[in-house]
Amino acid sequence: MTRDYSQFLPPSGSGKLPTRERSSLEKLGWKPFFSQQTSIDTAVDTQPVRVVEVHRTGLHALGEGFDDVIPPRPDATVGDWLLYDQQHPSNSKVLERSSVFERRAPGSDRKRQLIAANVDTVFIVSSCNKDFNIARLERYVALAFEAEVTPVILLTKADLCDDPNLYADEASAISNRVLVEVLNALGEEPIAKLAPWCKPRQTVAFLGSSGVGKSTLVNALFMDGVADTAAIREEDSKGRHTTTRRQLHFTSDGCAVLDTPGMRELQLTDVEAGIADVFADMVALAGQCRFADCKHDTEPGCAIQSALERGDIDSVRLARWTKLTAEERFNSSSLAERKSAEKSFQKMINTVQQKTRKRKK
Ligand SMILES: Nc1nc2c(ncn2[C@@H]2O[C@H](COP(=O)(O)OP(=O)(O)OP(=O)(O)O)[C@@H](O)[C@H]2O)c(=O)[nH]1
Ligand SMILES: [Mg+2]
Ligand SMILES: [Zn+2]
């Protein structure tokens, strides 16, 4: 299969700006998309600042001659641009975002949690070891597709693995719209391999489990230890949650690099379109089922069941799609809807698991 990666490379015009020095705002990732939302007059009273770190007590923000902690607000996250009103901070305005990642927070309150805003490329990092999990990668890719952020899968620790291509092949099968790079994050290759996306005025983010090498890659881009790293547990390849908060770093030529703490769990919410993009073949088949509300179970005229019988689709992947879709629907519903859905959701999971078990036998 030939792949067209061109749509996922940053636009060619976003490279060097040879004729003039980049302003300090541009070095923080300021682009026409944001400047169109303000005017010179407005910017004088309320200067644009970018959130580079979220603390419990405030937002660390940078701007032109500005480096300060400003009052916290729940609707702003790392990567956001604010028109900061120094006199009345609560009047500051969060600018419309070019993209946003959010998830359903773990724990009992399960609120929506903003992960990051205004990201152009997300590096979904996993390792060629026990961390590798195709269902988890699919989740991250769905999240990126939903946010219309370019996903790139980075498989680290190739140097510790006998056959990294096995991992690369599996990851490449997720979607023909995602590029997969295999690398040794401690070696010489990261800068060259990530260069197509790490350009001036671009914001790139590293997401993935703890211990996969996100901070190691950040350090590689800076050729300097800007981020702490620590060894993983050998027996199960689990990391130690070394990075504890999301943090934007800026390269000298103005690429914003977001390091994030390893996520224990990525519960998707409001990413129906993103999931449909990852499982586009399944969605297309489902459209051919006789009944619009087909559960792809025992209904007559089910195109999914027919494809399964013909061996055109993989039952394990089908089970992942069914589970992810049901989970997303559940997470995106209101609390009241969720309570009533909880029972049927659990029942569905049990059925899927039973079926997968049977098919594997
Ligand atoms: N040999 C080898 N070691 C790597 C590679 N990538 C990361 N490591 C090591 O793996 C360990 C974990 O790397 P980190 O960069 O701290 O991982 P992280 O993803 O930032 O982890 P958290 O901050 O806990 O989320 C460190 O000891 C790194 O030196 C790689 O490609 N090859
Ligand atoms: Mg880290
Ligand atoms: Zn069906």
# chains A, B, ... in the order shown; residues from 1 in each chain; ligands from 1

call {"tool": "closest_atom_pairs", "arguments": {"of": "stretch 125-154 of chain A", "to": "stretch 303-326 of chain A", "cutoff": "12 Å", "atoms": "only C-alpha atoms", "output": "JSON lines"}}
result
{"residue": "A:Asn133", "atom": "CA", "partner": "A:Arg320", "partner_atom": "CA", "distance": 11.7}
{"residue": "A:Ile134", "atom": "CA", "partner": "A:Arg320", "partner_atom": "CA", "distance": 9.4}
{"residue": "A:Ala135", "atom": "CA", "partner": "A:Arg320", "partner_atom": "CA", "distance": 6.7}
{"residue": "A:Arg136", "atom": "CA", "partner": "A:Arg320", "partner_atom": "CA", "distance": 10.0}
{"residue": "A:Leu137", "atom": "CA", "partner": "A:Arg320", "partner_atom": "CA", "distance": 11.5}
{"residue": "A:Glu138", "atom": "CA", "partner": "A:Arg320", "partner_atom": "CA", "distance": 9.0}
{"residue": "A:Arg139", "atom": "CA", "partner": "A:Leu324", "partner_atom": "CA", "distance": 8.0}
{"residue": "A:Tyr140", "atom": "CA", "partner": "A:Leu324", "partner_atom": "CA", "distance": 11.6}
{"residue": "A:Ala142", "atom": "CA", "partner": "A:Leu324", "partner_atom": "CA", "distance": 9.9}
{"residue": "A:Leu143", "atom": "CA", "partner": "A:Leu324", "partner_atom": "CA", "distance": 11.7}

call {"tool": "write_last_selection", "arguments": {"atoms": "N, CA, C and O atoms", "output": "mmCIF file, in the first residue's frame"}}
result
data_model
loop_
_atom_site.group_PDB
_atom_site.id
_atom_site.type_symbol
_atom_site.label_atom_id
_atom_site.label_comp_id
_atom_site.auth_asym_id
_atom_site.auth_seq_id
_atom_site.Cartn_x
_atom_site.Cartn_y
_atom_site.Cartn_z
ATOM 1 N N ASN A 133 0.978 -1.685 23.602
ATOM 2 C CA ASN A 133 -0.403 -2.166 23.709
ATOM 3 C C ASN A 133 -1.211 -1.502 22.601
ATOM 4 O O ASN A 133 -1.374 -0.283 22.593
ATOM 5 N N ILE A 134 -1.679 -2.310 21.687
ATOM 6 C CA ILE A 134 -2.309 -1.768 20.487
ATOM 7 C C ILE A 134 -3.602 -1.016 20.812
ATOM 8 O O ILE A 134 -3.880 0.044 20.252
ATOM 9 N N ALA A 135 -4.360 -1.530 21.783
ATOM 10 C CA ALA A 135 -5.628 -0.869 22.142
ATOM 11 C C ALA A 135 -5.350 0.519 22.708
ATOM 12 O O ALA A 135 -6.079 1.482 22.450
ATOM 13 N N ARG A 136 -4.280 0.638 23.484
ATOM 14 C CA ARG A 136 -3.954 1.949 24.054
ATOM 15 C C ARG A 136 -3.522 2.919 22.960
ATOM 16 O O ARG A 136 -3.917 4.077 22.944
ATOM 17 N N LEU A 137 -2.708 2.415 22.024
ATOM 18 C CA LEU A 137 -2.280 3.281 20.918
ATOM 19 C C LEU A 137 -3.487 3.761 20.121
ATOM 20 O O LEU A 137 -3.564 4.924 19.735
ATOM 21 N N GLU A 138 -4.445 2.860 19.899
ATOM 22 C CA GLU A 138 -5.656 3.261 19.154
ATOM 23 C C GLU A 138 -6.394 4.390 19.871
ATOM 24 O O GLU A 138 -6.922 5.295 19.239
ATOM 25 N N ARG A 139 -6.415 4.325 21.186
ATOM 26 C CA ARG A 139 -7.065 5.390 21.962
ATOM 27 C C ARG A 139 -6.397 6.738 21.712
ATOM 28 O O ARG A 139 -7.045 7.748 21.484
ATOM 29 N N TYR A 140 -5.076 6.735 21.794
ATOM 30 C CA TYR A 140 -4.349 7.991 21.584
ATOM 31 C C TYR A 140 -4.558 8.519 20.163
ATOM 32 O O TYR A 140 -4.702 9.717 19.956
ATOM 33 N N ALA A 142 -7.152 7.985 18.256
ATOM 34 C CA ALA A 142 -8.526 8.511 18.173
ATOM 35 C C ALA A 142 -8.591 9.907 18.787
ATOM 36 O O ALA A 142 -9.235 10.817 18.252
ATOM 37 N N LEU A 143 -7.903 10.073 19.894
ATOM 38 C CA LEU A 143 -7.871 11.384 20.567
ATOM 39 C C LEU A 143 -7.270 12.436 19.638
ATOM 40 O O LEU A 143 -7.777 13.554 19.504
#

call {"tool": "closest_atom_pairs", "arguments": {"of": "chain A", "to": "ligand 3", "cutoff": "6 Å", "atoms": "only C-alpha atoms and all ligand atoms", "output": "Markdown table"}}
result
| residue | atom | partner | partner_atom_place_in_ligand_line | distance |
| --- | --- | --- | --- | --- |
| A:Ala286 | CA | ligand 3 | 1 (Zn) | 5.4 |
| A:Cys289 | CA | ligand 3 | 1 (Zn) | 4.6 |
| A:Cys294 | CA | ligand 3 | 1 (Zn) | 4.5 |
| A:Lys295 | CA | ligand 3 | 1 (Zn) | 5.6 |
| A:His296 | CA | ligand 3 | 1 (Zn) | 3.4 |
| A:Cys302 | CA | ligand 3 | 1 (Zn) | 3.7 |
| A:Ala303 | CA | ligand 3 | 1 (Zn) | 5.3 |
| A:Ile304 | CA | ligand 3 | 1 (Zn) | 5.1 |

call {"tool": "select_by_dssp", "arguments": {"residues": "stretch 121-180 of chain A", "states": "strand (DSSP E or B)", "output": "list in words"}}
result
Thr121, Val122, Phe123, Ile124, Val125, Ser126, Ser127, Thr150, Pro151, Val152, Ile153, Leu154, Leu155, Thr156, Leu179 and Val180 of chain A

call {"tool": "write_last_selection", "arguments": {"atoms": "N, CA and C atoms", "output": "tab-separated table (two decimals), in the first residue's frame"}}
result
chain	number	residue	atom	x	y	z
A	121	THR	N	1.33	18.78	16.62
A	121	THR	CA	1.69	17.37	16.39
A	121	THR	C	1.76	16.67	17.73
A	122	VAL	N	1.17	15.48	17.81
A	122	VAL	CA	1.32	14.72	19.05
A	122	VAL	C	2.16	13.49	18.76
A	123	PHE	N	3.22	13.35	19.53
A	123	PHE	CA	4.05	12.15	19.46
A	123	PHE	C	3.48	11.17	20.48
A	124	ILE	N	2.91	10.10	19.98
A	124	ILE	CA	2.35	9.07	20.85
A	124	ILE	C	3.48	8.08	21.08
A	125	VAL	N	3.98	8.05	22.31
A	125	VAL	CA	5.20	7.29	22.57
A	125	VAL	C	4.88	5.97	23.26
A	126	SER	N	5.46	4.90	22.75
A	126	SER	CA	5.41	3.60	23.41
A	126	SER	C	6.77	2.96	23.19
A	127	SER	N	7.03	1.86	23.88
A	127	SER	CA	8.34	1.23	23.73
A	127	SER	C	8.19	-0.15	23.13
A	150	THR	N	-1.97	16.21	14.22
A	150	THR	CA	-1.24	15.14	13.53
A	150	THR	C	-0.66	14.16	14.52
A	151	PRO	N	-1.05	12.86	14.45
A	151	PRO	CA	-0.42	11.90	15.35
A	151	PRO	C	0.79	11.23	14.69
A	152	VAL	N	1.84	11.05	15.45
A	152	VAL	CA	3.00	10.29	14.99
A	152	VAL	C	3.31	9.29	16.11
A	153	ILE	N	3.37	8.02	15.77
A	153	ILE	CA	3.68	7.02	16.81
A	153	ILE	C	5.19	6.83	16.86
A	154	LEU	N	5.74	7.00	18.06
A	154	LEU	CA	7.18	6.79	18.24
A	154	LEU	C	7.38	5.55	19.10
A	155	LEU	N	8.09	4.57	18.57
A	155	LEU	CA	8.37	3.36	19.33
A	155	LEU	C	9.83	3.40	19.78
A	156	THR	N	10.04	3.63	21.06
A	156	THR	CA	11.38	3.80	21.60
A	156	THR	C	11.98	2.44	22.01
A	179	LEU	N	1.96	7.97	10.82
A	179	LEU	CA	3.32	7.57	10.58
A	179	LEU	C	3.90	6.92	11.84
A	180	VAL	N	4.70	5.90	11.66
A	180	VAL	CA	5.32	5.22	12.81
A	180	VAL	C	6.84	5.33	12.68

call {"tool": "residues_near_ligand", "arguments": {"ligand": "ligand 1", "cutoff": "7 Å", "atoms": "only C-alpha atoms and all ligand atoms", "output": "JSON, numbers by chain"}}
result
{"A": [156, 157, 158, 159, 160, 183, 184, 185, 186, 208, 209, 210, 211, 212, 213, 214, 215, 216, 217, 228, 229, 230, 231, 232, 239, 240, 241, 242, 243, 244, 260, 261, 262]}

call {"tool": "write_last_selection", "arguments": {"atoms": "N, CA and C atoms", "output": "mmCIF file, in the first residue's frame"}}
result
data_model
loop_
_atom_site.group_PDB
_atom_site.id
_atom_site.type_symbol
_atom_site.label_atom_id
_atom_site.label_comp_id
_atom_site.auth_asym_id
_atom_site.auth_seq_id
_atom_site.Cartn_x
_atom_site.Cartn_y
_atom_site.Cartn_z
ATOM 1 N N THR A 156 10.038 3.628 21.064
ATOM 2 C CA THR A 156 11.382 3.796 21.600
ATOM 3 C C THR A 156 11.983 2.436 22.012
ATOM 4 N N LYS A 157 13.207 2.502 22.452
ATOM 5 C CA LYS A 157 13.943 1.343 22.980
ATOM 6 C C LYS A 157 14.160 0.268 21.924
ATOM 7 N N ALA A 158 14.269 0.714 20.665
ATOM 8 C CA ALA A 158 14.566 -0.217 19.580
ATOM 9 C C ALA A 158 15.911 -0.901 19.840
ATOM 10 N N ASP A 159 16.796 -0.185 20.539
ATOM 11 C CA ASP A 159 18.126 -0.729 20.819
ATOM 12 C C ASP A 159 18.078 -1.890 21.806
ATOM 13 N N LEU A 160 16.976 -2.018 22.546
ATOM 14 C CA LEU A 160 16.880 -3.082 23.545
ATOM 15 C C LEU A 160 16.027 -4.249 23.044
ATOM 16 N N LEU A 183 12.815 4.085 17.148
ATOM 17 C CA LEU A 183 14.081 4.766 17.440
ATOM 18 C C LEU A 183 14.652 4.429 18.810
ATOM 19 N N ASN A 184 15.905 4.762 18.959
ATOM 20 C CA ASN A 184 16.564 4.702 20.259
ATOM 21 C C ASN A 184 16.618 6.148 20.759
ATOM 22 N N ALA A 185 15.831 6.415 21.805
ATOM 23 C CA ALA A 185 15.719 7.804 22.275
ATOM 24 C C ALA A 185 17.023 8.318 22.860
ATOM 25 N N LEU A 186 17.896 7.382 23.246
ATOM 26 C CA LEU A 186 19.175 7.793 23.832
ATOM 27 C C LEU A 186 20.260 7.936 22.769
ATOM 28 N N GLY A 208 1.973 9.415 26.448
ATOM 29 C CA GLY A 208 2.223 7.973 26.553
ATOM 30 C C GLY A 208 2.399 7.570 28.002
ATOM 31 N N SER A 209 2.567 6.276 28.222
ATOM 32 C CA SER A 209 2.689 5.775 29.599
ATOM 33 C C SER A 209 3.991 6.243 30.242
ATOM 34 N N SER A 210 4.076 6.032 31.529
ATOM 35 C CA SER A 210 5.305 6.375 32.249
ATOM 36 C C SER A 210 6.439 5.437 31.817
ATOM 37 N N GLY A 211 7.619 6.000 31.671
ATOM 38 C CA GLY A 211 8.803 5.179 31.428
ATOM 39 C C GLY A 211 9.094 4.866 29.964
ATOM 40 N N VAL A 212 8.284 5.400 29.045
ATOM 41 C CA VAL A 212 8.494 5.065 27.628
ATOM 42 C C VAL A 212 9.554 5.944 26.966
ATOM 43 N N GLY A 213 9.965 7.013 27.664
ATOM 44 C CA GLY A 213 11.046 7.832 27.107
ATOM 45 C C GLY A 213 10.609 9.200 26.605
ATOM 46 N N LYS A 214 9.482 9.695 27.082
ATOM 47 C CA LYS A 214 9.019 11.016 26.632
ATOM 48 C C LYS A 214 10.032 12.103 26.997
ATOM 49 N N SER A 215 10.448 12.116 28.273
ATOM 50 C CA SER A 215 11.392 13.151 28.697
ATOM 51 C C SER A 215 12.765 12.943 28.065
ATOM 52 N N THR A 216 13.113 11.682 27.817
ATOM 53 C CA THR A 216 14.386 11.402 27.149
ATOM 54 C C THR A 216 14.375 12.022 25.746
ATOM 55 N N LEU A 217 13.246 11.927 25.062
ATOM 56 C CA LEU A 217 13.130 12.516 23.728
ATOM 57 C C LEU A 217 13.151 14.042 23.798
ATOM 58 N N ASP A 228 13.753 15.772 33.727
ATOM 59 C CA ASP A 228 14.275 14.637 34.499
ATOM 60 C C ASP A 228 13.815 13.321 33.872
ATOM 61 N N THR A 229 14.684 12.328 33.945
ATOM 62 C CA THR A 229 14.302 10.984 33.484
ATOM 63 C C THR A 229 14.735 9.988 34.560
ATOM 64 N N ALA A 230 14.145 8.803 34.558
ATOM 65 C CA ALA A 230 14.567 7.783 35.518
ATOM 66 C C ALA A 230 14.318 6.396 34.963
ATOM 67 N N ALA A 231 15.121 5.460 35.420
ATOM 68 C CA ALA A 231 15.041 4.085 34.915
ATOM 69 C C ALA A 231 13.693 3.451 35.263
ATOM 70 N N ILE A 232 13.276 2.504 34.420
ATOM 71 C CA ILE A 232 11.998 1.819 34.645
ATOM 72 C C ILE A 232 12.224 0.539 35.443
ATOM 73 N N GLY A 239 7.175 2.471 34.227
ATOM 74 C CA GLY A 239 7.940 3.636 34.634
ATOM 75 C C GLY A 239 7.617 4.044 36.059
ATOM 76 N N ARG A 240 8.298 5.080 36.527
ATOM 77 C CA ARG A 240 8.147 5.501 37.922
ATOM 78 C C ARG A 240 7.483 6.865 38.059
ATOM 79 N N HIS A 241 6.807 7.290 37.020
ATOM 80 C CA HIS A 241 6.119 8.586 37.039
ATOM 81 C C HIS A 241 7.066 9.714 37.461
ATOM 82 N N THR A 242 8.138 9.797 36.709
ATOM 83 C CA THR A 242 9.189 10.766 36.995
ATOM 84 C C THR A 242 8.727 12.189 36.706
ATOM 85 N N THR A 243 8.113 12.402 35.550
ATOM 86 C CA THR A 243 7.578 13.736 35.224
ATOM 87 C C THR A 243 6.244 13.875 35.945
ATOM 88 N N THR A 244 6.087 14.964 36.695
ATOM 89 C CA THR A 244 4.879 15.079 37.506
ATOM 90 C C THR A 244 3.930 16.171 37.018
ATOM 91 N N THR A 260 4.863 15.544 29.141
ATOM 92 C CA THR A 260 3.715 15.270 30.012
ATOM 93 C C THR A 260 4.024 14.084 30.919
ATOM 94 N N PRO A 261 3.349 14.011 32.072
ATOM 95 C CA PRO A 261 3.536 12.846 32.939
ATOM 96 C C PRO A 261 2.884 11.624 32.287
ATOM 97 N N GLY A 262 3.438 10.453 32.547
ATOM 98 C CA GLY A 262 2.851 9.230 31.991
ATOM 99 C C GLY A 262 1.413 9.088 32.455
#

call {"tool": "atom_distance", "arguments": {"atom1": "atom CA of A:Leu28", "atom2": "atom CA of A:Lys199"}}
result
11.9 Å

call {"tool": "residues_around", "arguments": {"residues": "A:Phe345", "least_positions_apart": "5", "cutoff": "9 Å", "atoms": "only C-alpha atoms", "output": "PDB file with C-alpha atoms, in the first residue's frame"}}
result
ATOM      1  CA  ALA A 326     -19.344   1.719  24.060  1.00  0.00           C
ATOM      2  CA  GLU A 327     -16.906   3.228  26.535  1.00  0.00           C
ATOM      3  CA  PHE A 330     -20.709   6.022  28.259  1.00  0.00           C
ATOM      4  CA  ASN A 350     -18.896  -9.302  29.478  1.00  0.00           C
TER       5      ASN A 350
END

call {"tool": "closest_residue", "arguments": {"among": "A:Pro89, A:Gly29, A:Gly225, A:Pro196", "to": "ligand 2", "atoms": "only C-alpha atoms and all ligand atoms"}}
result
A:Gly225

call {"tool": "atom_distance", "arguments": {"atom1": "atom CA of A:His60", "atom2": "atom CA of A:Pro48"}}
result
13.2 Å

call {"tool": "closest_residue", "arguments": {"among": "A:Ile70, A:Asp259, A:Lys343, A:Thr77", "to": "ligand 2", "atoms": "only C-alpha atoms and all ligand atoms"}}
result
A:Asp259

call {"tool": "select_by_dssp", "arguments": {"residues": "stretch 158-316 of chain A", "states": "helix (DSSP H, G or I)", "output": "PyMOL selection string"}}
result
chain A and resi 158-160+164-172+190-194+214-222+272-278+280-286+303-310+315-316

call {"tool": "write_last_selection", "arguments": {"atoms": "N, CA and C atoms", "output": "compact mmCIF listing (two decimals), in the first residue's frame"}}
result
# COMPACT_ATOMS: atom_id res chain seq x y z
N ALA A 158 14.27 0.71 20.67
CA ALA A 158 14.57 -0.22 19.58
C ALA A 158 15.91 -0.90 19.84
N ASP A 159 16.80 -0.19 20.54
CA ASP A 159 18.13 -0.73 20.82
C ASP A 159 18.08 -1.89 21.81
N LEU A 160 16.98 -2.02 22.55
CA LEU A 160 16.88 -3.08 23.54
C LEU A 160 16.03 -4.25 23.04
N PRO A 164 12.44 -4.87 16.40
CA PRO A 164 11.50 -3.74 16.52
C PRO A 164 10.49 -3.66 15.40
N ASN A 165 10.82 -4.29 14.23
CA ASN A 165 9.89 -4.20 13.10
C ASN A 165 8.55 -4.87 13.38
N LEU A 166 8.57 -5.88 14.27
CA LEU A 166 7.31 -6.54 14.62
C LEU A 166 6.37 -5.52 15.26
N TYR A 167 6.94 -4.68 16.15
CA TYR A 167 6.14 -3.65 16.82
C TYR A 167 5.69 -2.60 15.81
N ALA A 168 6.63 -2.24 14.96
CA ALA A 168 6.33 -1.19 13.97
C ALA A 168 5.21 -1.63 13.02
N ASP A 169 5.25 -2.90 12.62
CA ASP A 169 4.22 -3.39 11.70
C ASP A 169 2.85 -3.34 12.36
N GLU A 170 2.81 -3.75 13.63
CA GLU A 170 1.52 -3.76 14.32
C GLU A 170 0.98 -2.33 14.49
N ALA A 171 1.88 -1.43 14.85
CA ALA A 171 1.46 -0.04 15.04
C ALA A 171 1.03 0.58 13.71
N SER A 172 1.73 0.23 12.65
CA SER A 172 1.40 0.79 11.33
C SER A 172 0.02 0.35 10.85
N PRO A 190 17.00 10.80 17.37
CA PRO A 190 15.75 11.57 17.59
C PRO A 190 15.68 12.91 16.86
N ILE A 191 16.72 13.72 16.90
CA ILE A 191 16.62 15.05 16.28
C ILE A 191 16.24 14.94 14.82
N ALA A 192 16.96 14.09 14.08
CA ALA A 192 16.67 13.98 12.65
C ALA A 192 15.30 13.38 12.41
N LYS A 193 14.93 12.38 13.20
CA LYS A 193 13.64 11.71 12.97
C LYS A 193 12.46 12.62 13.31
N LEU A 194 12.63 13.51 14.27
CA LEU A 194 11.50 14.36 14.67
C LEU A 194 11.51 15.72 13.97
N LYS A 214 9.48 9.69 27.08
CA LYS A 214 9.02 11.02 26.63
C LYS A 214 10.03 12.10 27.00
N SER A 215 10.45 12.12 28.27
CA SER A 215 11.39 13.15 28.70
C SER A 215 12.77 12.94 28.06
N THR A 216 13.11 11.68 27.82
CA THR A 216 14.39 11.40 27.15
C THR A 216 14.38 12.02 25.75
N LEU A 217 13.25 11.93 25.06
CA LEU A 217 13.13 12.52 23.73
C LEU A 217 13.15 14.04 23.80
N VAL A 218 12.50 14.59 24.81
CA VAL A 218 12.52 16.05 25.00
C VAL A 218 13.98 16.49 25.17
N ASN A 219 14.70 15.79 26.02
CA ASN A 219 16.11 16.15 26.23
C ASN A 219 16.92 16.03 24.95
N ALA A 220 16.58 15.03 24.13
CA ALA A 220 17.31 14.86 22.87
C ALA A 220 17.09 16.08 21.96
N LEU A 221 15.87 16.60 21.96
CA LEU A 221 15.59 17.77 21.11
C LEU A 221 16.35 19.00 21.59
N PHE A 222 16.59 19.08 22.89
CA PHE A 222 17.28 20.26 23.45
C PHE A 222 18.78 20.03 23.58
N GLU A 272 -16.18 10.61 19.34
CA GLU A 272 -16.86 9.67 18.45
C GLU A 272 -16.25 9.70 17.04
N ALA A 273 -16.04 10.92 16.53
CA ALA A 273 -15.50 11.05 15.18
C ALA A 273 -14.08 10.50 15.10
N GLY A 274 -13.30 10.73 16.16
CA GLY A 274 -11.92 10.23 16.19
C GLY A 274 -11.88 8.71 16.13
N ILE A 275 -12.76 8.07 16.89
CA ILE A 275 -12.81 6.60 16.88
C ILE A 275 -13.26 6.12 15.50
N ALA A 276 -14.26 6.81 14.94
CA ALA A 276 -14.75 6.41 13.61
C ALA A 276 -13.63 6.53 12.57
N ASP A 277 -12.73 7.48 12.74
CA ASP A 277 -11.60 7.61 11.81
C ASP A 277 -10.62 6.46 11.95
N VAL A 278 -10.36 6.05 13.20
CA VAL A 278 -9.42 4.94 13.41
C VAL A 278 -10.01 3.65 12.86
N ALA A 280 -12.34 3.26 10.45
CA ALA A 280 -13.15 3.68 9.30
C ALA A 280 -13.70 2.48 8.53
N ASP A 281 -12.91 1.40 8.43
CA ASP A 281 -13.38 0.22 7.69
C ASP A 281 -14.59 -0.41 8.38
N MET A 282 -14.55 -0.47 9.71
CA MET A 282 -15.66 -1.05 10.48
C MET A 282 -16.92 -0.19 10.31
N VAL A 283 -16.71 1.12 10.37
CA VAL A 283 -17.83 2.05 10.27
C VAL A 283 -18.49 1.91 8.89
N ALA A 284 -17.64 1.77 7.86
CA ALA A 284 -18.18 1.63 6.50
C ALA A 284 -19.00 0.34 6.38
N LEU A 285 -18.47 -0.74 6.96
CA LEU A 285 -19.21 -2.01 6.92
C LEU A 285 -20.53 -1.88 7.67
N ALA A 286 -20.47 -1.28 8.86
CA ALA A 286 -21.68 -1.14 9.68
C ALA A 286 -22.76 -0.39 8.91
N ALA A 303 -23.58 -6.82 8.08
CA ALA A 303 -22.39 -6.80 7.21
C ALA A 303 -21.12 -7.10 7.99
N ILE A 304 -21.12 -6.73 9.27
CA ILE A 304 -19.92 -6.98 10.09
C ILE A 304 -19.76 -8.49 10.32
N GLN A 305 -20.88 -9.15 10.68
CA GLN A 305 -20.80 -10.60 10.90
C GLN A 305 -20.39 -11.32 9.61
N SER A 306 -20.93 -10.86 8.49
CA SER A 306 -20.56 -11.50 7.21
C SER A 306 -19.08 -11.33 6.93
N ALA A 307 -18.57 -10.11 7.18
CA ALA A 307 -17.14 -9.85 6.93
C ALA A 307 -16.28 -10.72 7.84
N LEU A 308 -16.76 -10.91 9.06
CA LEU A 308 -16.05 -11.74 10.03
C LEU A 308 -15.99 -13.19 9.52
N GLU A 309 -17.14 -13.67 9.04
CA GLU A 309 -17.19 -15.05 8.53
C GLU A 309 -16.29 -15.23 7.31
N ARG A 310 -16.23 -14.21 6.47
CA ARG A 310 -15.36 -14.28 5.29
C ARG A 310 -13.88 -14.13 5.66
N SER A 315 -11.43 -10.50 14.41
CA SER A 315 -12.41 -10.48 15.52
C SER A 315 -11.87 -9.72 16.74
N VAL A 316 -10.57 -9.76 16.96
CA VAL A 316 -10.01 -9.08 18.14
C VAL A 316 -10.09 -7.56 17.94

call {"tool": "residues_around", "arguments": {"residues": "stretch 249-255 of chain A", "least_positions_apart": "3", "cutoff": "12 Å", "atoms": "only C-alpha atoms", "output": "VMD selection string"}}
result
chain A and resid 14 to 18 21 to 31 50 to 53 61 to 62 78 to 79 119 to 121 194 to 206 215 218 to 227 246 258 to 260

call {"tool": "atom_distance", "arguments": {"atom1": "atom CA of A:Gln86", "atom2": "atom CA of A:Thr46"}}
result
7.1 Å

call {"tool": "closest_residue", "arguments": {"among": "A:Met348, A:Leu114, A:Met263, A:Ala173", "to": "ligand 2", "atoms": "only C-alpha atoms and all ligand atoms"}}
result
A:Met263
